[in-house]
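Trainee: One file: data.csv (CSV, C-alpha atoms).
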```
chain,number,residue,atom,x,y,z
A,1,MET,CA,-27.9,4.9,-35.3
A,2,GLY,CA,-26.6,8.5,-35.5
A,3,SER,CA,-28.2,9.3,-32.2
A,4,HIS,CA,-25.5,7.7,-30.0
A,5,PRO,CA,-23.0,10.3,-28.6
A,6,PRO,CA,-19.4,10.0,-29.8
A,7,GLY,CA,-17.0,8.2,-27.5
A,8,LEU,CA,-14.0,9.4,-25.7
A,9,THR,CA,-11.0,10.1,-28.0
A,10,TRP,CA,-7.3,10.6,-27.6
A,11,ALA,CA,-7.8,14.1,-29.1
A,12,LEU,CA,-10.2,15.1,-26.3
A,13,ILE,CA,-7.8,13.8,-23.7
A,14,GLN,CA,-4.9,15.8,-25.1
A,15,GLU,CA,-7.1,18.9,-25.1
A,16,ALA,CA,-8.1,18.3,-21.5
A,17,ARG,CA,-4.5,17.9,-20.4
A,18,ALA,CA,-3.5,21.2,-22.0
A,19,ARG,CA,-6.5,23.0,-20.5
A,20,ILE,CA,-6.2,21.8,-16.9
A,21,ALA,CA,-2.4,21.8,-16.6
A,22,PRO,CA,-2.1,25.2,-14.9
A,23,HIS,CA,-4.8,24.2,-12.4
A,24,ILE,CA,-3.9,20.7,-11.1
A,25,ASN,CA,-0.9,18.9,-9.5
A,26,LEU,CA,1.4,16.5,-11.3
A,27,THR,CA,0.9,13.8,-8.6
A,28,PRO,CA,3.8,11.6,-7.5
A,29,VAL,CA,4.2,7.9,-8.0
A,30,LEU,CA,5.3,6.1,-4.8
A,31,THR,CA,7.0,2.7,-4.4
A,32,SER,CA,7.8,0.4,-1.5
A,33,ARG,CA,10.1,-2.6,-1.4
A,34,THR,CA,8.1,-4.0,1.5
A,35,LEU,CA,4.8,-3.9,-0.5
A,36,ASP,CA,6.6,-5.3,-3.6
A,37,GLU,CA,7.9,-8.2,-1.6
A,38,GLU,CA,4.5,-8.9,-0.1
A,39,SER,CA,2.8,-8.9,-3.5
A,40,GLY,CA,5.5,-10.5,-5.6
A,41,ALA,CA,5.0,-7.7,-8.0
A,42,ARG,CA,6.4,-4.2,-8.7
A,43,LEU,CA,3.8,-1.7,-7.4
A,44,TYR,CA,3.6,1.9,-8.6
A,45,PHE,CA,1.1,4.0,-6.6
A,46,LYS,CA,-0.2,7.0,-8.5
A,47,CYS,CA,-1.1,9.1,-5.6
A,48,GLU,CA,-4.1,11.3,-6.4
A,49,ASN,CA,-4.6,11.8,-2.7
A,50,PHE,CA,-2.0,14.6,-3.4
A,51,GLN,CA,-4.1,16.2,-6.1
A,52,ARG,CA,-5.8,19.6,-5.7
A,53,GLY,CA,-8.7,19.0,-3.4
A,54,GLY,CA,-7.3,15.6,-2.3
A,55,ALA,CA,-8.7,13.5,-5.2
A,56,PHE,CA,-8.5,12.9,-9.0
A,57,LYS,CA,-11.9,14.6,-9.3
A,58,ALA,CA,-10.1,17.9,-9.8
A,59,ARG,CA,-9.1,16.8,-13.2
A,60,GLY,CA,-12.5,16.1,-14.7
A,61,ALA,CA,-14.4,18.9,-13.0
A,62,THR,CA,-11.8,21.5,-14.0
A,63,ASN,CA,-11.8,20.3,-17.6
A,64,ALA,CA,-15.6,20.4,-17.8
A,65,VAL,CA,-16.0,23.8,-16.2
A,66,LEU,CA,-13.2,25.4,-18.2
A,67,SER,CA,-14.7,23.9,-21.4
A,68,LEU,CA,-17.9,25.9,-21.0
A,69,ALA,CA,-18.5,29.1,-22.9
A,70,ASP,CA,-19.2,32.3,-21.0
A,71,THR,CA,-22.8,32.1,-22.0
A,72,GLU,CA,-23.1,28.7,-20.4
A,73,LEU,CA,-21.3,29.8,-17.2
A,74,GLY,CA,-23.5,32.8,-16.7
A,75,ARG,CA,-25.8,31.2,-14.1
A,76,GLY,CA,-23.2,29.0,-12.5
A,77,VAL,CA,-22.6,25.2,-12.5
A,78,ALA,CA,-24.3,22.4,-10.6
A,79,THR,CA,-23.8,18.7,-9.8
A,80,HIS,CA,-24.6,15.9,-7.5
A,81,SER,CA,-21.8,14.1,-5.6
A,82,SER,CA,-21.0,12.4,-2.3
A,83,GLY,CA,-18.0,14.7,-1.9
A,84,ASN,CA,-14.9,14.8,-4.0
A,85,HIS,CA,-16.5,15.7,-7.3
A,86,ALA,CA,-18.6,18.3,-5.4
A,87,ALA,CA,-15.5,20.0,-4.0
A,88,ALA,CA,-13.8,19.8,-7.4
A,89,VAL,CA,-16.7,21.5,-9.1
A,90,ALA,CA,-16.9,24.1,-6.4
A,91,ARG,CA,-13.2,24.8,-6.8
A,92,ALA,CA,-13.4,25.0,-10.6
A,93,ALA,CA,-16.4,27.4,-10.3
A,94,ARG,CA,-14.4,29.6,-8.0
A,95,LEU,CA,-11.6,29.7,-10.7
A,96,LYS,CA,-14.2,31.1,-13.1
A,97,GLY,CA,-15.9,33.4,-10.5
A,98,VAL,CA,-19.3,31.7,-10.9
A,99,PRO,CA,-21.6,30.1,-8.3
A,100,ALA,CA,-21.7,26.3,-7.7
A,101,TYR,CA,-24.9,24.4,-6.6
A,102,ILE,CA,-24.2,21.0,-5.2
A,103,VAL,CA,-26.6,18.2,-4.3
A,104,MET,CA,-25.1,15.9,-1.6
A,105,PRO,CA,-26.5,12.7,0.0
A,106,GLN,CA,-27.4,13.1,3.7
A,107,ASN,CA,-24.9,10.5,4.7
A,108,THR,CA,-22.0,12.3,3.1
A,109,ALA,CA,-18.8,12.2,5.2
A,110,ALA,CA,-18.5,15.4,7.4
A,111,ALA,CA,-15.0,16.2,6.1
A,112,LYS,CA,-16.2,16.2,2.5
A,113,ARG,CA,-19.2,18.3,3.2
A,114,ALA,CA,-17.0,20.8,5.1
A,115,ALA,CA,-14.6,21.0,2.2
A,116,VAL,CA,-17.5,22.0,-0.2
A,117,GLU,CA,-18.8,24.6,2.3
A,118,ARG,CA,-15.3,26.1,2.6
A,119,LEU,CA,-15.3,26.7,-1.2
A,120,GLY,CA,-18.5,28.7,-1.0
A,121,ALA,CA,-20.8,26.4,-2.8
A,122,SER,CA,-24.6,26.2,-2.1
A,123,ILE,CA,-25.5,22.7,-0.8
A,124,THR,CA,-28.8,20.8,-1.1
A,125,LEU,CA,-29.1,17.6,0.8
A,126,CYS,CA,-31.0,14.6,-0.4
A,127,GLU,CA,-31.8,10.9,0.4
A,128,PRO,CA,-28.8,8.6,-0.2
A,129,THR,CA,-30.0,7.0,-3.4
A,130,HIS,CA,-29.1,7.6,-7.0
A,131,ALA,CA,-32.7,8.4,-8.0
A,132,ALA,CA,-32.9,11.0,-5.2
A,133,ARG,CA,-29.6,12.6,-6.3
A,134,GLU,CA,-30.7,12.9,-9.9
A,135,ARG,CA,-34.2,14.2,-8.9
A,136,ALA,CA,-32.7,16.9,-6.6
A,137,ALA,CA,-30.2,17.9,-9.2
A,138,ARG,CA,-32.9,18.4,-11.8
A,139,GLU,CA,-34.8,20.6,-9.4
A,140,VAL,CA,-31.7,22.7,-8.7
A,141,LEU,CA,-31.1,23.1,-12.5
A,142,GLU,CA,-34.7,24.2,-13.0
A,143,THR,CA,-34.4,26.8,-10.2
A,144,THR,CA,-31.0,28.2,-11.0
A,145,GLY,CA,-30.5,27.7,-14.7
A,146,ALA,CA,-27.0,26.5,-13.9
A,147,SER,CA,-25.0,24.2,-16.3
A,148,MET,CA,-24.8,20.6,-15.2
A,149,ILE,CA,-21.4,19.0,-14.6
A,150,HIS,CA,-22.2,15.3,-14.2
A,151,PRO,CA,-19.8,13.5,-11.9
A,152,TYR,CA,-18.9,10.8,-14.5
A,153,ASP,CA,-21.4,10.5,-17.4
A,154,ASP,CA,-19.8,13.4,-19.3
A,155,LEU,CA,-17.0,13.2,-22.0
A,156,ARG,CA,-15.4,16.3,-20.7
A,157,VAL,CA,-15.1,14.8,-17.2
A,158,MET,CA,-13.9,11.5,-18.5
A,159,ALA,CA,-11.2,13.2,-20.6
A,160,GLY,CA,-10.0,15.1,-17.6
A,161,GLN,CA,-9.8,11.9,-15.5
A,162,ALA,CA,-7.9,10.2,-18.3
A,163,THR,CA,-5.0,12.5,-17.8
A,164,THR,CA,-4.2,10.4,-14.7
A,165,ALA,CA,-3.1,7.6,-16.9
A,166,VAL,CA,-1.2,9.8,-19.3
A,167,GLU,CA,0.9,11.1,-16.4
A,168,LEU,CA,1.4,7.6,-14.9
A,169,LEU,CA,2.7,6.2,-18.2
A,170,GLU,CA,5.1,9.0,-18.6
A,171,GLN,CA,6.3,8.4,-15.0
A,172,VAL,CA,6.5,4.6,-15.4
A,173,ALA,CA,6.5,3.6,-19.0
A,174,GLU,CA,6.7,-0.1,-18.8
A,175,LEU,CA,3.6,-1.1,-16.9
A,176,ASP,CA,1.9,-4.4,-17.5
A,177,VAL,CA,-1.4,-3.6,-15.8
A,178,ILE,CA,-3.3,-0.7,-14.2
A,179,LEU,CA,-5.7,-1.3,-11.2
A,180,CYS,CA,-8.3,1.4,-10.9
A,181,PRO,CA,-11.3,1.9,-8.6
A,182,VAL,CA,-14.7,2.1,-10.3
A,183,SER,CA,-18.0,3.7,-9.3
A,184,GLY,CA,-19.7,5.8,-12.0
A,185,GLY,CA,-16.9,4.8,-14.3
A,186,GLY,CA,-15.5,8.2,-15.3
A,187,LEU,CA,-12.0,7.5,-14.0
A,188,LEU,CA,-11.8,3.9,-15.1
A,189,SER,CA,-13.1,4.6,-18.6
A,190,GLY,CA,-10.8,7.6,-19.0
A,191,ILE,CA,-7.8,5.7,-17.8
A,192,ALA,CA,-8.6,2.7,-20.1
A,193,VAL,CA,-8.9,4.9,-23.2
A,194,ALA,CA,-5.7,6.8,-22.5
A,195,ALA,CA,-3.7,3.8,-21.5
A,196,ARG,CA,-4.8,1.8,-24.6
A,197,ALA,CA,-3.9,4.7,-26.8
A,198,LEU,CA,-0.4,4.9,-25.3
A,199,LYS,CA,0.2,1.1,-24.7
A,200,PRO,CA,-2.3,-1.1,-26.5
A,201,ARG,CA,-1.4,-4.3,-24.8
A,202,ILE,CA,-1.6,-3.1,-21.2
A,203,ARG,CA,-4.3,-4.8,-19.0
A,204,ILE,CA,-6.9,-2.6,-17.3
A,205,ILE,CA,-8.7,-3.9,-14.3
A,206,GLY,CA,-11.4,-2.1,-12.4
A,207,VAL,CA,-11.9,-2.7,-8.6
A,208,GLU,CA,-15.1,-2.1,-6.7
A,209,PRO,CA,-16.6,-3.0,-3.3
A,210,GLU,CA,-18.6,-6.1,-2.9
A,211,GLY,CA,-21.5,-4.0,-1.6
A,212,ALA,CA,-21.5,-1.8,-4.7
A,213,ASP,CA,-20.7,-4.2,-7.4
A,214,ASP,CA,-22.9,-2.9,-10.3
A,215,ALA,CA,-19.9,-2.4,-12.6
A,216,ALA,CA,-18.8,-6.1,-12.2
A,217,ARG,CA,-22.4,-7.3,-12.8
A,218,SER,CA,-22.9,-4.9,-15.7
A,219,LEU,CA,-19.8,-6.0,-17.5
A,220,ALA,CA,-20.8,-9.6,-17.1
A,221,ALA,CA,-24.4,-8.9,-18.3
A,222,GLY,CA,-23.4,-6.6,-21.2
A,223,ARG,CA,-25.8,-3.9,-19.9
A,224,ILE,CA,-26.0,-1.6,-16.9
A,225,VAL,CA,-27.3,-3.4,-13.9
A,226,PRO,CA,-28.0,-0.6,-11.3
A,227,CYS,CA,-27.3,-0.9,-7.6
A,228,GLU,CA,-29.9,1.3,-6.0
A,229,ARG,CA,-28.9,1.0,-2.4
A,230,PRO,CA,-25.1,0.3,-2.3
A,231,ASP,CA,-23.7,-0.7,1.1
A,232,THR,CA,-20.0,0.0,1.5
A,233,ILE,CA,-17.6,1.9,3.6
A,234,ALA,CA,-16.2,3.4,0.3
A,235,ASP,CA,-18.6,6.3,0.1
A,236,GLY,CA,-17.0,7.6,-3.1
A,237,LEU,CA,-17.8,4.3,-4.9
A,238,ARG,CA,-21.6,4.2,-4.3
A,239,ALA,CA,-22.7,5.8,-7.6
A,240,THR,CA,-24.4,4.0,-10.4
A,241,LEU,CA,-22.4,3.3,-13.6
A,242,GLY,CA,-22.9,5.8,-16.3
A,243,GLU,CA,-23.8,5.1,-20.0
A,244,ARG,CA,-20.8,6.8,-21.6
A,245,PRO,CA,-18.2,5.4,-19.2
A,246,PHE,CA,-19.8,1.9,-19.5
A,247,ALA,CA,-19.4,2.0,-23.3
A,248,GLU,CA,-15.7,2.6,-23.0
A,249,ILE,CA,-15.3,0.1,-20.2
A,250,ARG,CA,-16.9,-2.6,-22.4
A,251,ARG,CA,-14.4,-1.8,-25.1
A,252,HIS,CA,-11.2,-1.4,-23.1
A,253,VAL,CA,-11.4,-2.9,-19.6
A,254,ASP,CA,-10.2,-6.5,-19.2
A,255,ALA,CA,-12.0,-7.3,-15.9
A,256,ILE,CA,-13.6,-5.9,-12.8
A,257,VAL,CA,-13.0,-7.6,-9.5
A,258,THR,CA,-14.6,-6.9,-6.1
A,259,VAL,CA,-13.2,-6.6,-2.6
A,260,SER,CA,-14.8,-6.7,0.8
A,261,ASP,CA,-15.0,-3.7,3.1
A,262,ALA,CA,-12.7,-5.5,5.5
A,263,ALA,CA,-10.1,-5.8,2.8
A,264,ILE,CA,-10.4,-2.1,2.0
A,265,VAL,CA,-9.9,-1.1,5.6
A,266,THR,CA,-6.9,-3.4,5.9
A,267,ALA,CA,-5.5,-1.8,2.7
A,268,MET,CA,-6.0,1.7,4.1
A,269,ARG,CA,-4.2,0.9,7.3
A,270,HIS,CA,-1.3,-0.8,5.5
A,271,LEU,CA,-0.8,2.1,3.2
A,272,TRP,CA,-0.6,4.4,6.2
A,273,GLU,CA,1.8,2.1,8.0
A,274,VAL,CA,4.1,1.4,5.1
A,275,LEU,CA,3.8,4.3,2.6
A,276,LYS,CA,2.9,6.8,5.3
A,277,ILE,CA,-0.1,8.2,3.4
A,278,ILE,CA,-3.6,8.8,4.6
A,279,VAL,CA,-6.1,7.3,2.0
A,280,GLU,CA,-9.9,7.3,2.1
A,281,PRO,CA,-11.7,3.9,1.6
A,282,SER,CA,-12.4,4.6,-2.0
A,283,GLY,CA,-8.7,5.6,-2.5
A,284,ALA,CA,-7.5,2.3,-1.1
A,285,THR,CA,-9.8,0.0,-3.1
A,286,ALA,CA,-7.5,-0.7,-6.0
A,287,TYR,CA,-4.6,-1.7,-3.6
A,288,ALA,CA,-7.1,-3.9,-1.7
A,289,ALA,CA,-7.3,-6.1,-4.8
A,290,VAL,CA,-3.6,-6.7,-4.5
A,291,SER,CA,-3.4,-7.1,-0.7
A,292,ALA,CA,-6.4,-9.4,-0.6
A,293,ALA,CA,-5.1,-11.5,-3.6
A,294,ARG,CA,-8.1,-10.7,-5.8
A,295,VAL,CA,-5.9,-10.2,-8.9
A,296,ALA,CA,-2.9,-12.3,-10.2
A,297,VAL,CA,-0.1,-9.8,-10.6
A,298,ARG,CA,3.0,-11.8,-9.4
A,299,GLY,CA,6.0,-10.8,-11.5
A,300,GLU,CA,4.3,-7.9,-13.1
A,301,ARG,CA,4.7,-4.1,-13.1
A,302,VAL,CA,1.5,-2.8,-11.7
A,303,GLY,CA,0.1,0.8,-11.6
A,304,VAL,CA,-2.2,1.3,-8.7
A,305,ILE,CA,-4.5,4.3,-8.7
A,306,VAL,CA,-4.8,5.8,-5.2
A,307,SER,CA,-7.8,7.9,-6.0
A,308,GLY,CA,-8.2,10.2,-3.0
A,309,GLY,CA,-7.3,11.0,0.6
A,310,ASN,CA,-10.2,12.9,2.0
A,311,LEU,CA,-10.7,11.0,5.2
A,312,ASP,CA,-12.5,12.1,8.3
A,313,LEU,CA,-9.8,11.6,10.9
A,314,ASP,CA,-12.3,11.4,13.7
A,315,SER,CA,-13.8,8.3,12.2
A,316,LEU,CA,-10.9,6.1,11.2
A,317,PRO,CA,-12.5,2.7,10.7
A,318,TRP,CA,-10.0,0.7,12.8
A,319,ILE,CA,-10.5,2.9,15.9
A,320,ARG,CA,-12.7,1.2,18.5
A,321,ARG,CA,-15.0,3.6,20.4
A,322,ALA,CA,-16.1,3.1,23.9
A,323,PRO,CA,-19.9,2.8,24.2
A,324,GLU,CA,-21.7,6.0,25.2
```
Once you've parsed the file, please lay out its structure as structure tokens.
Mentor:
Amino acid sequence: MGSHPPGLTWALIQEARARIAPHINLTPVLTSRTLDEESGARLYFKCENFQRGGAFKARGATNAVLSLADTELGRGVATHSSGNHAAAVARAARLKGVPAYIVMPQNTAAAKRAAVERLGASITLCEPTHAARERAAREVLETTGASMIHPYDDLRVMAGQATTAVELLEQVAELDVILCPVSGGGLLSGIAVAARALKPRIRIIGVEPEGADDAARSLAAGRIVPCERPDTIADGLRATLGERPFAEIRRHVDAIVTVSDAAIVTAMRHLWEVLKIIVEPSGATAYAAVSAARVAVRGERVGVIVSGGNLDLDSLPWIRRAPE
């Protein structure tokens, strides 16, 4: 009974916010009368595409790395990631002047791999499965002696991601619901804990692609149901749900809905056309739940987490390419 790790607390979130404040951006909240009229709701877009490194991952990675003692940092830090967390860990490692060792799937978007390379991290490629990522990361740890910064199944990472909701509720106090993308669960669990602490009656809804719906199936089953070979355009949402995040999701999240890849692409394009922001597929997933009418939000004040903007501009999904 005493073997279970403690959960995420408001105290850990407050500590994270103070720790990372000098190293991250206070991201803006954008609104649009056009998008409000289309949805019948008041939409408030928390734009983490304007975060350091272009994604919310800077919050959790920075908190985790800066939480380490000098003795733990001595041989550097390591992680596995499809891109945004990788870049965030590499950046945080650079802040501390230590090496970063990153395991990335072979199908990682070129723009995300390039971002990690620019930050000077050492990259190891692996097969695009969760098991392969975990196995390669273990090998890197054994070889280097680095400290592991898990992309989501880590209370320090979850506490950092939670600061997204703290900021949002300071910027827009009277929200009825927050829509948040979910993959490994670090962002959704952190946002849920923080939002419940500040506004106990707020609804928290996770959104994930139909082709990577392990969180929806896990919440329904009451246990983690892995998705070993996820199939979705949203490369940042292909991870398997973590144990620590899932515990908080079960306690605090009201529902998880799924959206098609087609709906995600439509949402990406509409955000570009109306809000004038470039958002990657994972970053547009929460809004896709609104634009595809997957959630009932009419008449409500809705926080929409735009989780990242690291998009390969040579591979925009609505561009038709001539056959070679």
Trainee: Could you list, with a cut-off of 12 Å and counting all atoms listed in the file, the residues of region 152-214 of chain A near region 85-93 of chain A, each shown with its nearest atom pair and the distance in Å rounded to one decimal, rows sorted by chain and ascending number, as a Markdown table?
Mentor:
```
| residue | atom | partner | partner_atom | distance |
| --- | --- | --- | --- | --- |
| A:Tyr152 | CA | A:His85 | CA | 9.0 |
| A:Val157 | CA | A:His85 | CA | 10.0 |
| A:Gly160 | CA | A:Ala88 | CA | 11.9 |
| A:Gln161 | CA | A:His85 | CA | 11.3 |
| A:Gly184 | CA | A:His85 | CA | 11.4 |
| A:Gly186 | CA | A:His85 | CA | 11.0 |
| A:Leu187 | CA | A:His85 | CA | 11.5 |
```
Trainee: Set the distance at 10 Å and use all atoms listed in the file: which residues neighbour Ala114 (chain A) once local chain neighbours fewer than 5 positions away are removed? I'd like the list as a ChimeraX atom specification.
Mentor: /A:83,87,109,119
Trainee: Contacts between region 32-51 of chain A and region 160-237 of chain A, please, where a residue of region 160-237 of chain A counts if it comes within 12 Å (with all atoms listed in the file); show its shortest atom pair and distance in Å to one decimal, rows by chain and ascending number, as JSON lines.
Mentor:
```
{"residue": "A:Gln161", "atom": "CA", "partner": "A:Glu48", "partner_atom": "CA", "distance": 10.8}
{"residue": "A:Thr163", "atom": "CA", "partner": "A:Glu48", "partner_atom": "CA", "distance": 11.5}
{"residue": "A:Thr164", "atom": "CA", "partner": "A:Lys46", "partner_atom": "CA", "distance": 8.1}
{"residue": "A:Ala165", "atom": "CA", "partner": "A:Lys46", "partner_atom": "CA", "distance": 8.9}
{"residue": "A:Val166", "atom": "CA", "partner": "A:Lys46", "partner_atom": "CA", "distance": 11.2}
{"residue": "A:Glu167", "atom": "CA", "partner": "A:Lys46", "partner_atom": "CA", "distance": 9.0}
{"residue": "A:Leu168", "atom": "CA", "partner": "A:Lys46", "partner_atom": "CA", "distance": 6.6}
{"residue": "A:Leu169", "atom": "CA", "partner": "A:Lys46", "partner_atom": "CA", "distance": 10.2}
{"residue": "A:Glu170", "atom": "CA", "partner": "A:Lys46", "partner_atom": "CA", "distance": 11.6}
{"residue": "A:Gln171", "atom": "CA", "partner": "A:Lys46", "partner_atom": "CA", "distance": 9.3}
{"residue": "A:Val172", "atom": "CA", "partner": "A:Tyr44", "partner_atom": "CA", "distance": 7.9}
{"residue": "A:Ala173", "atom": "CA", "partner": "A:Tyr44", "partner_atom": "CA", "distance": 10.9}
{"residue": "A:Glu174", "atom": "CA", "partner": "A:Tyr44", "partner_atom": "CA", "distance": 10.8}
{"residue": "A:Leu175", "atom": "CA", "partner": "A:Tyr44", "partner_atom": "CA", "distance": 8.8}
{"residue": "A:Asp176", "atom": "CA", "partner": "A:Arg42", "partner_atom": "CA", "distance": 9.9}
{"residue": "A:Val177", "atom": "CA", "partner": "A:Leu43", "partner_atom": "CA", "distance": 10.1}
{"residue": "A:Ile178", "atom": "CA", "partner": "A:Tyr44", "partner_atom": "CA", "distance": 9.3}
{"residue": "A:Leu179", "atom": "CA", "partner": "A:Phe45", "partner_atom": "CA", "distance": 9.8}
{"residue": "A:Cys180", "atom": "CA", "partner": "A:Lys46", "partner_atom": "CA", "distance": 10.1}
{"residue": "A:Leu187", "atom": "CA", "partner": "A:Glu48", "partner_atom": "CA", "distance": 11.6}
```
Trainee: Which residues are close to Ile20 (chain A), i.e. within 10 Å by all atoms listed in the file, leaving aside same-chain residues fewer than 3 positions away? Reply as number ranges by chain.
Mentor: A: 15-17, 23-25, 58-64, 66-67, 160, 163
Trainee: Can you find the residues with an atom no farther than 9 Å from (-10.8, -8.0, -13.0), counting all atoms listed in the file, and report them as an MDAnalysis selection string?
Mentor: chainID A and resid 179 204:207 216 253:258 294:295
Trainee: For Gly54 (chain A), find every residue with an atom within 6 Å (counting all atoms listed in the file), except residues of its own chain fewer than 5 positions away, and show them as a PyMOL selection string.
Mentor: chain A and resi 49+308-310
Trainee: Taking 2 positions as the minimum chain separation for residues in the same chain, which residues sit within 9 Å of Pro6 (chain A) when counting all atoms listed in the file? Answer as a ChimeraX atom specification.
Mentor: /A:4,8-9,155,244
Trainee: Can you pull out the residues contacting Gly222 (chain A)? Cut-off 10 Å, using only C-alpha atoms, and skip same-chain residues under 6 positions away; I want them as JSON, numbers by chain.
Mentor: {"A": [246, 247, 250]}
Trainee: Would you save the residues of that selection, restricted to C-alpha atoms, as a short mmCIF file (atom, residue, chain, number, x, y, z; two decimals), in the coordinates of the input?
Mentor:
```cif
data_model
loop_
_atom_site.label_atom_id
_atom_site.label_comp_id
_atom_site.auth_asym_id
_atom_site.auth_seq_id
_atom_site.Cartn_x
_atom_site.Cartn_y
_atom_site.Cartn_z
CA PHE A 246 -19.80 1.90 -19.50
CA ALA A 247 -19.40 2.00 -23.30
CA ARG A 250 -16.90 -2.60 -22.40
#
```
Trainee: How far is it from CA of Arg94 (chain A) to CA of Ala234 (chain A), in Å with one decimal?
Mentor: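 Atom-to-atom, CA of Arg94 (chain A) and CA of Ala234 (chain A) are spaced 27.5 Å apart.
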Trainee: Specify the axis-aligned box that encloses all atoms of region 66-85 of chain A listed in the file after padding of 4 Å on each side, stating its centre and edge lengths in Å to one decimal as AutoDock Vina command-line options.
Mentor:
```
--center_x -19.5 --center_y 22.6 --center_z -12.4 --size_x 20.6 --size_y 28.4 --size_z 29.0
```
Trainee: Go ahead and find all residues with at least one atom no further than 12 Å from (-24.1, 33.0, -19.4) in the file's coordinates, using only C-alpha atoms; report them as a ChimeraX atom specification.
Mentor: /A:68-77,96,98-99,144-147
Trainee: Which distance in Å separates CA of Leu219 (chain A) and CA of His252 (chain A), to one decimal?
Mentor: 11.2 Å
Trainee: Identify which of the residues A:Val274, A:Val182, A:Ile202, A:Ala195 lies closest to Arg301 (chain A), counting only C-alpha atoms when measuring atom-to-atom distances.
Mentor: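 The answer is A:Ile202, which sits nearest to Arg301 (chain A).
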Trainee: From the set A:Arg223, A:Arg203, A:Lys276, A:His80, which residue has the shortest atom-to-atom contact distance to Val297 (chain A), counting only C-alpha atoms?
Mentor: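 Nearest candidate to Val297 (chain A) out of A:Arg223, A:Arg203, A:Lys276, A:His80: A:Arg203.
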Trainee: Between A:Pro200, A:Ala239, A:Ala286, A:Leu316, single out the one closest to Ala132 (chain A), counting all atoms listed in the file.
Mentor: A:Ala239
Trainee: In Å, how far is it from CA of Leu26 (chain A) to CA of Arg156 (chain A)?
Mentor: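 CA of Arg156 (chain A) lies at a distance of 19.3 Å from CA of Leu26 (chain A).
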